[in-house]
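The structure file query-v2.txt is reproduced below (compact mmCIF, C-alpha atoms).
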```txt
# COMPACT_ATOMS: atom_id res chain seq x y z
CA MET A 495 -36.73 -92.45 132.97
CA LYS A 496 -35.39 -89.00 132.40
CA PRO A 497 -32.31 -87.98 134.27
CA GLN A 498 -33.40 -85.63 136.99
CA MET A 499 -31.55 -82.51 137.83
CA GLN A 500 -31.48 -81.93 141.48
CA SER A 501 -32.13 -78.38 142.49
CA PRO A 502 -30.06 -77.01 145.35
CA SER A 503 -33.16 -76.39 147.40
CA GLU A 504 -34.16 -80.03 147.12
CA GLU A 505 -30.75 -81.03 148.34
CA VAL A 506 -31.22 -78.97 151.45
CA ARG A 507 -34.68 -80.30 152.03
CA SER A 508 -33.69 -83.94 151.80
CA GLU A 509 -30.88 -83.27 154.23
CA LYS A 510 -33.23 -81.69 156.62
CA THR A 511 -35.60 -84.62 156.53
CA ASN A 512 -32.73 -86.94 157.36
CA ALA A 513 -34.58 -88.34 160.31
CA PRO A 514 -38.03 -89.10 158.94
CA LEU A 515 -39.39 -89.45 162.43
CA GLN A 516 -38.68 -85.84 163.17
CA ALA A 517 -41.74 -84.95 161.15
CA ALA A 518 -40.11 -82.10 159.29
CA HIS A 519 -43.43 -81.33 157.62
CA GLY A 520 -44.69 -80.00 160.91
CA GLY A 521 -47.47 -82.51 161.44
CA GLY A 522 -47.23 -82.00 165.19
CA CYS A 523 -47.72 -84.67 167.79
CA ALA A 524 -49.87 -86.99 165.70
CA SER A 525 -47.15 -87.58 163.13
CA CYS A 526 -44.35 -87.80 165.67
CA ALA A 527 -42.73 -91.21 165.90
CA VAL A 528 -43.20 -91.49 169.64
CA HIS A 529 -46.88 -91.85 168.93
CA SER A 530 -46.35 -94.19 166.03
CA LEU A 531 -46.58 -97.49 167.83
CA SER A 532 -49.79 -96.52 169.56
CA GLN A 533 -51.16 -95.75 166.13
CA LEU A 534 -50.26 -99.18 164.82
CA ARG A 535 -53.11 -101.66 164.53
CA ARG A 536 -51.97 -105.01 163.32
CA MET A 537 -54.52 -106.58 161.04
CA GLY A 538 -52.96 -109.92 160.20
CA VAL A 539 -54.48 -111.35 157.04
CA ASP A 540 -57.75 -109.51 157.58
CA LEU A 541 -56.98 -107.15 154.76
CA GLY A 542 -60.30 -105.64 153.93
CA ARG A 543 -59.95 -102.42 152.04
CA CYS A 544 -56.55 -100.79 151.97
CA ASP A 545 -55.36 -97.31 151.07
CA PHE A 546 -51.79 -98.19 150.16
CA VAL A 547 -49.86 -101.28 149.14
CA VAL A 548 -46.36 -101.67 150.56
CA ALA A 549 -43.88 -104.17 149.11
CA LEU A 550 -41.07 -105.57 151.23
CA ALA A 551 -37.97 -106.41 149.18
CA GLY A 552 -34.38 -107.20 150.06
CA ASN A 553 -31.50 -109.61 149.77
CA PRO A 554 -32.04 -113.05 151.31
CA ASN A 555 -31.64 -113.26 155.07
CA THR A 556 -31.88 -109.55 155.87
CA GLY A 557 -34.89 -109.82 158.20
CA LYS A 558 -37.76 -109.06 155.84
CA SER A 559 -40.04 -111.58 157.47
CA THR A 560 -39.21 -110.27 160.95
CA ILE A 561 -40.25 -106.80 159.84
CA PHE A 562 -43.34 -108.20 158.12
CA ASN A 563 -44.40 -109.94 161.33
CA ALA A 564 -43.72 -106.87 163.47
CA LEU A 565 -45.98 -104.78 161.27
CA THR A 566 -48.81 -107.25 160.73
CA GLY A 567 -48.78 -109.19 163.99
CA LEU A 568 -48.60 -112.37 161.93
CA ARG A 569 -46.17 -115.11 162.71
CA GLN A 570 -44.86 -115.98 159.37
CA HIS A 571 -42.12 -118.52 159.71
CA VAL A 572 -38.86 -116.72 160.37
CA GLY A 573 -35.76 -118.74 159.77
CA ASN A 574 -32.13 -117.98 159.40
CA TRP A 575 -31.68 -119.42 155.97
CA PRO A 576 -32.02 -117.93 152.56
CA GLY A 577 -34.81 -118.88 150.22
CA LYS A 578 -37.29 -119.39 153.03
CA THR A 579 -39.99 -117.15 151.62
CA VAL A 580 -41.24 -118.50 148.32
CA GLY A 581 -43.97 -116.77 146.46
CA ARG A 582 -45.21 -113.79 148.37
CA MET A 583 -46.96 -113.31 151.71
CA GLU A 584 -49.53 -110.64 152.34
CA GLY A 585 -50.73 -109.04 155.53
CA GLY A 586 -52.18 -105.78 156.71
CA TYR A 587 -51.91 -103.07 159.30
CA ARG A 588 -53.48 -99.77 160.06
CA PHE A 589 -51.37 -96.74 160.89
CA GLY A 590 -53.36 -93.79 162.15
CA GLU A 591 -56.17 -93.31 159.68
CA THR A 592 -54.48 -95.23 156.90
CA ALA A 593 -54.89 -98.91 156.04
CA TYR A 594 -51.87 -100.62 154.53
CA LYS A 595 -51.50 -103.92 152.77
CA ILE A 596 -47.96 -105.23 153.05
CA VAL A 597 -46.51 -107.83 150.71
CA ASP A 598 -43.42 -109.79 151.75
CA LEU A 599 -41.44 -110.68 148.64
CA PRO A 600 -38.89 -113.48 148.43
CA GLY A 601 -35.30 -112.45 149.05
CA THR A 602 -33.32 -111.59 145.93
CA TYR A 603 -29.92 -110.22 145.08
CA SER A 604 -31.22 -108.63 141.93
CA LEU A 605 -34.25 -107.75 139.88
CA VAL A 606 -32.62 -108.64 136.61
CA SER A 607 -31.35 -112.18 136.96
CA SER A 608 -33.85 -114.85 136.27
CA SER A 609 -34.53 -117.20 139.10
CA HIS A 610 -38.12 -117.78 140.10
CA HIS A 611 -37.68 -115.75 143.31
CA GLU A 612 -36.31 -112.82 141.43
CA GLU A 613 -39.12 -112.92 138.93
CA VAL A 614 -41.74 -112.83 141.69
CA ALA A 615 -40.09 -109.81 143.31
CA ARG A 616 -39.42 -108.05 140.03
CA ASP A 617 -42.88 -108.59 138.58
CA PHE A 618 -44.51 -107.31 141.72
CA ILE A 619 -42.45 -104.12 141.97
CA LEU A 620 -42.60 -103.50 138.25
CA PHE A 621 -46.17 -104.40 137.38
CA ALA A 622 -48.22 -104.32 140.58
CA GLN A 623 -46.74 -100.88 141.25
CA PRO A 624 -46.87 -100.83 145.04
CA ASP A 625 -47.34 -97.39 146.56
CA VAL A 626 -44.21 -97.83 148.66
CA THR A 627 -41.38 -100.33 148.30
CA VAL A 628 -39.37 -100.98 151.45
CA VAL A 629 -35.90 -102.29 150.60
CA VAL A 630 -34.45 -104.09 153.60
CA VAL A 631 -30.67 -103.64 153.67
CA ASP A 632 -28.28 -105.65 155.84
CA ALA A 633 -26.25 -103.06 157.77
CA THR A 634 -23.29 -105.46 157.91
CA ARG A 635 -23.20 -105.76 154.11
CA VAL A 636 -24.38 -102.39 152.91
CA GLU A 637 -22.41 -102.24 149.68
CA ARG A 638 -23.63 -105.56 148.37
CA ASN A 639 -27.22 -104.87 149.42
CA LEU A 640 -27.21 -101.52 147.66
CA ILE A 641 -27.08 -103.30 144.29
CA LEU A 642 -30.70 -104.31 144.76
CA ALA A 643 -31.66 -100.98 146.33
CA LEU A 644 -30.33 -99.10 143.32
CA GLN A 645 -32.15 -101.43 140.94
CA VAL A 646 -35.41 -100.76 142.75
CA LEU A 647 -34.70 -97.02 142.64
CA GLU A 648 -34.37 -97.32 138.86
CA ILE A 649 -38.01 -98.43 138.72
CA THR A 650 -39.58 -96.29 141.42
CA ASP A 651 -38.59 -93.47 143.75
CA ARG A 652 -41.30 -94.32 146.26
CA VAL A 653 -38.85 -96.24 148.37
CA VAL A 654 -37.90 -96.52 152.03
CA VAL A 655 -34.58 -98.15 152.87
CA ALA A 656 -34.81 -100.16 156.09
CA LEU A 657 -31.24 -100.48 157.33
CA ASN A 658 -31.76 -103.61 159.39
CA LEU A 659 -29.45 -105.67 161.60
CA MET A 660 -27.90 -102.52 163.08
CA ASP A 661 -27.36 -104.48 166.31
CA GLU A 662 -25.25 -107.01 164.46
CA ALA A 663 -23.32 -104.24 162.70
CA ARG A 664 -22.58 -102.62 166.07
CA ARG A 665 -21.40 -105.95 167.40
CA HIS A 666 -18.97 -106.24 164.50
CA GLY A 667 -17.79 -102.68 165.02
CA ILE A 668 -19.38 -101.50 161.79
CA GLY A 669 -20.73 -97.97 161.80
CA VAL A 670 -23.04 -96.78 159.04
CA ASP A 671 -23.35 -93.10 158.16
CA VAL A 672 -27.13 -93.10 157.88
CA ARG A 673 -27.27 -89.41 157.10
CA ALA A 674 -24.87 -89.67 154.16
CA LEU A 675 -26.63 -92.79 152.89
CA GLN A 676 -29.97 -91.03 152.94
CA ARG A 677 -28.54 -88.02 151.16
CA ASP A 678 -26.96 -90.18 148.43
CA LEU A 679 -30.00 -92.41 147.93
CA GLY A 680 -32.48 -89.53 148.10
CA VAL A 681 -35.05 -91.61 149.99
CA PRO A 682 -35.64 -92.16 153.72
CA VAL A 683 -33.15 -94.49 155.39
CA VAL A 684 -34.31 -95.98 158.70
CA PRO A 685 -31.76 -97.72 160.96
CA MET A 686 -33.36 -100.78 162.59
CA ALA A 687 -32.84 -103.85 164.71
CA ALA A 688 -36.19 -105.39 163.90
CA ARG A 689 -35.89 -108.49 166.05
CA ARG A 690 -35.50 -106.20 169.10
CA GLY A 691 -38.27 -103.94 167.90
CA GLU A 692 -35.84 -101.07 167.30
CA GLY A 693 -36.78 -98.75 164.47
CA ILE A 694 -40.24 -100.18 163.83
CA ARG A 695 -42.06 -96.97 164.66
CA GLU A 696 -39.60 -94.90 162.62
CA LEU A 697 -40.18 -97.27 159.71
CA LEU A 698 -43.95 -96.87 160.05
CA ALA A 699 -43.57 -93.09 160.01
CA ALA A 700 -41.26 -93.18 156.97
CA ILE A 701 -43.62 -95.47 155.01
CA ASP A 702 -46.46 -93.11 155.86
CA GLU A 703 -44.49 -90.10 154.62
CA VAL A 704 -43.61 -91.72 151.31
CA ALA A 705 -47.13 -93.14 150.82
CA HIS A 706 -48.60 -89.68 151.26
CA ALA A 707 -45.90 -88.21 149.01
CA ARG A 708 -44.61 -86.01 151.79
CA PHE A 709 -41.00 -87.01 151.29
CA PRO A 710 -39.22 -85.15 148.48
CA ALA A 711 -37.45 -88.12 146.86
CA SER A 712 -34.34 -87.39 144.83
CA PRO A 713 -32.91 -90.78 143.84
CA PRO A 714 -29.67 -91.03 141.89
CA ARG A 715 -30.10 -91.40 138.15
CA VAL A 716 -27.81 -93.57 136.12
CA ASN A 717 -26.72 -91.44 133.23
CA HIS A 718 -24.24 -93.38 131.15
CA ARG A 719 -26.31 -94.29 128.16
CA ASP A 720 -24.68 -93.66 124.86
CA ALA A 721 -26.55 -92.44 121.80
CA GLN A 722 -26.70 -95.86 120.18
CA LEU A 723 -28.22 -97.46 123.25
CA GLU A 724 -30.62 -94.57 123.67
CA SER A 725 -31.90 -94.87 120.09
CA ALA A 726 -32.37 -98.62 120.54
CA VAL A 727 -34.44 -97.97 123.67
CA GLU A 728 -36.46 -95.32 121.87
CA ALA A 729 -37.21 -97.72 119.05
CA LEU A 730 -38.45 -100.38 121.45
CA VAL A 731 -40.56 -98.34 123.84
CA PRO A 732 -43.43 -97.46 121.44
CA GLN A 733 -43.63 -101.06 120.26
CA LEU A 734 -43.82 -102.30 123.83
CA GLU A 735 -46.48 -99.75 124.67
CA GLU A 736 -48.52 -100.80 121.64
CA LEU A 737 -48.31 -104.50 122.53
CA PHE A 738 -48.93 -103.98 126.24
CA PRO A 739 -51.08 -100.88 126.72
CA GLY A 740 -50.63 -99.28 130.10
CA LEU A 741 -47.32 -101.05 130.70
CA PRO A 742 -45.43 -99.20 133.42
CA SER A 743 -41.68 -98.77 133.13
CA ALA A 744 -41.55 -99.53 129.40
CA ARG A 745 -38.05 -98.08 129.33
CA TRP A 746 -36.88 -100.45 132.00
CA VAL A 747 -38.39 -103.39 130.11
CA ALA A 748 -36.70 -102.18 126.91
CA MET A 749 -33.34 -102.11 128.71
CA ARG A 750 -33.86 -105.67 129.90
CA LEU A 751 -34.70 -106.78 126.37
CA LEU A 752 -31.46 -105.27 125.09
CA ASP A 753 -29.74 -106.98 128.01
CA GLY A 754 -31.02 -110.33 126.70
CA ASP A 755 -33.10 -111.11 129.80
CA HIS A 756 -34.74 -114.41 128.82
CA SER A 757 -37.63 -114.16 131.24
CA ILE A 758 -38.64 -110.79 129.76
CA VAL A 759 -38.19 -112.08 126.20
CA ASP A 760 -40.39 -115.09 126.99
CA ALA A 761 -43.01 -112.96 128.73
CA ILE A 762 -43.28 -110.81 125.61
CA ARG A 763 -43.42 -113.83 123.28
CA ASN A 764 -46.29 -115.47 125.13
CA GLY A 765 -48.03 -112.21 125.99
CA THR A 766 -47.84 -112.62 129.77
CA LEU A 767 -45.68 -109.56 130.39
CA GLY A 768 -47.11 -107.66 133.31
CA ASP A 769 -49.62 -110.39 134.02
CA ILE A 770 -49.44 -110.68 137.79
CA GLU A 771 -53.13 -111.25 138.32
CA GLY A 772 -52.65 -114.97 137.79
CA MET A 773 -50.16 -115.15 140.63
CA GLU A 774 -51.95 -116.00 143.83
CA PRO A 775 -50.33 -114.81 147.03
CA ASN A 776 -49.42 -117.36 149.66
CA VAL A 777 -51.65 -117.41 152.67
CA MET A 778 -50.51 -119.16 155.81
CA PRO A 779 -52.10 -122.63 155.79
CA ASP A 780 -53.79 -122.35 159.19
CA LEU A 781 -55.41 -119.10 158.20
CA ARG A 782 -56.66 -120.31 154.86
CA ARG A 783 -60.38 -120.48 154.40
CA PRO A 784 -61.71 -124.00 153.73
CA SER A 785 -62.81 -123.03 150.24
CA GLU A 786 -59.24 -122.22 149.33
CA THR A 787 -57.76 -125.54 150.35
CA ASN A 788 -59.34 -127.76 147.71
CA MET B 16 -3.02 -98.60 137.70
CA THR B 17 -0.51 -100.27 135.45
CA THR B 18 -2.41 -102.71 133.32
CA SER B 19 -0.16 -102.90 130.31
CA ALA B 20 2.83 -104.42 132.12
CA HIS B 21 1.36 -107.87 132.71
CA THR B 22 -1.49 -110.01 131.57
CA PRO B 23 -4.34 -109.98 134.08
CA GLU B 24 -4.68 -112.90 136.42
CA ARG B 25 -7.91 -114.74 136.96
CA LEU B 26 -9.69 -115.23 140.27
CA ASP B 27 -9.25 -119.00 140.35
CA GLN B 28 -5.47 -118.43 140.48
CA LEU B 29 -5.60 -116.16 143.52
CA PRO B 30 -3.68 -117.69 146.47
CA MET B 31 -5.33 -118.07 149.86
CA ASP B 32 -3.67 -115.14 151.63
CA ALA B 33 -3.56 -112.59 148.83
CA ALA B 34 -5.89 -109.71 148.13
CA ALA B 35 -6.90 -108.56 144.70
CA ARG B 36 -9.13 -106.13 142.91
CA ILE B 37 -11.52 -107.20 140.18
CA SER B 38 -10.57 -105.63 136.86
CA GLY B 39 -13.15 -107.19 134.58
CA LEU B 40 -15.32 -110.15 133.67
CA THR B 41 -14.92 -112.36 130.64
CA VAL B 42 -18.09 -114.40 131.20
CA GLU B 43 -21.07 -113.37 129.17
CA GLY B 44 -24.83 -113.36 129.42
CA GLU B 45 -26.79 -114.52 132.43
CA GLU B 46 -23.79 -115.84 134.30
CA ARG B 47 -22.09 -112.44 134.01
CA ARG B 48 -25.24 -110.75 135.28
CA ARG B 49 -25.45 -113.15 138.19
CA LEU B 50 -21.84 -112.66 139.24
CA MET B 51 -22.27 -108.89 139.10
CA ASP B 52 -25.44 -109.08 141.18
CA LEU B 53 -23.53 -111.03 143.81
CA GLY B 54 -20.94 -108.27 144.03
CA PHE B 55 -18.23 -109.29 141.54
CA LEU B 56 -17.99 -105.86 139.99
CA PRO B 57 -14.92 -104.20 138.48
CA GLY B 58 -13.05 -102.19 141.12
CA THR B 59 -14.21 -104.38 143.99
CA SER B 60 -11.78 -106.03 146.41
CA VAL B 61 -11.84 -109.80 146.59
CA SER B 62 -10.04 -112.47 148.60
CA VAL B 63 -10.26 -116.20 149.17
CA GLU B 64 -12.36 -116.89 152.25
CA MET B 65 -12.19 -120.67 152.24
CA GLY B 66 -10.01 -122.96 150.23
CA ASN B 67 -10.86 -126.49 149.34
CA PRO B 68 -8.59 -129.51 149.66
CA LEU B 69 -10.08 -130.76 146.44
CA GLY B 70 -9.40 -127.39 144.84
CA ASP B 71 -12.95 -126.77 143.73
CA PRO B 72 -15.19 -124.98 144.60
CA ARG B 73 -13.70 -122.20 146.72
CA ALA B 74 -15.43 -119.48 148.74
CA TYR B 75 -14.57 -115.86 148.06
CA ARG B 76 -15.18 -112.78 150.14
CA VAL B 77 -16.60 -109.91 148.15
CA MET B 78 -18.54 -106.84 149.30
CA GLY B 79 -18.81 -108.21 152.83
CA GLY B 80 -20.46 -111.41 151.66
CA VAL B 81 -19.09 -114.88 151.02
CA VAL B 82 -19.81 -116.54 147.71
CA ALA B 83 -18.72 -120.00 146.59
CA LEU B 84 -17.67 -120.31 142.98
CA ARG B 85 -16.61 -123.22 140.82
CA ARG B 86 -13.22 -122.97 139.19
CA GLU B 87 -14.62 -122.24 135.74
CA GLN B 88 -16.79 -119.46 137.16
CA ALA B 89 -13.86 -117.87 139.00
CA ASN B 90 -11.84 -118.22 135.82
CA GLY B 91 -14.19 -115.77 134.14
CA ILE B 92 -13.23 -113.00 136.58
CA LEU B 93 -10.12 -110.93 135.88
CA ILE B 94 -8.15 -109.62 138.84
CA GLU B 95 -5.20 -107.41 139.66
CA ARG B 96 -3.17 -108.34 142.69
CA GLU B 97 -2.98 -105.70 145.37
CA GLU B 98 0.68 -105.13 146.19
CA ASP B 99 1.81 -105.05 149.80
CA GLY B 100 1.82 -101.62 151.30
CA GLN B 101 -0.35 -100.23 148.54
```
Could you quickly redo this structure as structure tokens?
Amino acid sequence: MKPQMQSPSEEVRSEKTNAPLQAAHGGGCASCAVHSLSQLRRMGVDLGRCDFVVALAGNPNTGKSTIFNALTGLRQHVGNWPGKTVGRMEGGYRFGETAYKIVDLPGTYSLVSSSHHEEVARDFILFAQPDVTVVVVDATRVERNLILALQVLEITDRVVVALNLMDEARRHGIGVDVRALQRDLGVPVVPMAARRGEGIRELLAAIDEVAHARFPASPPRVNHRDAQLESAVEALVPQLEELFPGLPSARWVAMRLLDGDHSIVDAIRNGTLGDIEGMEPNVMPDLRRPSETN
Amino acid sequence: MTTSAHTPERLDQLPMDAAARISGLTVEGEERRRLMDLGFLPGTSVSVEMGNPLGDPRAYRVMGGVVALRREQANGILIEREEDGQ
């Protein structure tokens, strides 16, 4: 990824769009958040055709499944313990004219460590290339949660940060400067208390903006690479691209190789890098068709 | 920051009621990665959240979260004590 210079005009624009629900693009009433919920049609697992794929990522226990259920109308098991979602869950909703498929990924602290959960989340964001990735951030532990958010922003700038558990933060006397956070991250930041339904319509509007590329993203770029590291990356990228044609984020994969990430090394050895087709999504047992249960 | 005056302490030596700042990690590889992902990054404040009568493991507060570490894991994290009134 090339370091991006941010033009002053972009800076102003992203400040102006601070509240994504304000519909700074002038879409009028139809794109205003007040109308958002009435535009939401929950589609459960009846996915059919979809226009955009949305991935839901975040640290464990930040309320991803609560948000997933609010959007899809499904009742995926919500529990207050980490590691509850294994594999990935899929559901759908329709927002206005647009059909979305939403994929709930297991909670992870990182995309670069190698536990099974992290691999599922990483492989999906990296290789399935969702149109929008929602990173759910715990408002009571923003700093720690931003580690994952920044890792996701290294891979894609089509990101919405859902700042969840704002009610809990308020209760603990924690205030979050949403405006500053959005300016620094360069992507929409939506304050939420999902279990009370707060922020759901603003989230829907923000996802819609990013999906339709109406939000001018300006994510921070890490720019500390020294010449030696850069030449090592440059030597690896063409080889990776030759071995795995069409591989997205070859630079990111090269960095992980240099990092000694065993799961990436293994995936290259056995040729399964980027192979997410073999991974079947979880479907809730009671909704599974009989043919899928044998 | 005066680093030259004393050898850095390690996190497993941090007393219950003291605060410290992480100055570096001596663990390598995946374990280093993991600790950093959990918030044990240089420059970050850290304190002991829960001790253990058996001494091991202990729970540490870092970046608003609580993480339990074994003694040998905490030993791989270098700290600088935060002086009173600093």
* To do: Give the residues of chain B that lie within 12 Å of chain A; count all atoms listed in the file, and format the answer as a PyMOL selection string.
  => chain B and resi 43-56+59-60+76-82
* Can you work out the spacing between atom CA of Ala33 of chain B and atom CA of Glu64 of chain B in Å, to one decimal? =>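 Taking atom CA of Ala33 of chain B and atom CA of Glu64 of chain B, their separation equals 10.4 Å.
Pairwise distance (atom CA of Gly669 of chain A, atom CA of Val684 of chain A) equals 14.1 Å.
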* Fewer than 4 positions away in the same chain doesn't count, so skip those; otherwise give me all residues within 9 Å of segment 654-662 of chain A, counting all atoms listed in the file, as a PyMOL selection string. => chain A and resi 556-558+626-634+636+643+666-670+672+676+679+681-690+693+697+700-701+704
* Asked: Leu26 of chain B: which residues within 10 Å, counting all atoms listed in the file, same-chain residues fewer than 2 positions away excluded, as a PyMOL selection string?
  -> chain B and resi 23-24+28-30+35-37+61-63+75+84+86-96
* To do: Find the distance between atom CA of Phe562 of chain A and atom CA of Asp671 of chain A and write it in Å to one decimal.
  =>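 Computing the Euclidean distance for atom CA of Phe562 of chain A and atom CA of Asp671 of chain A yields 25.1 Å.
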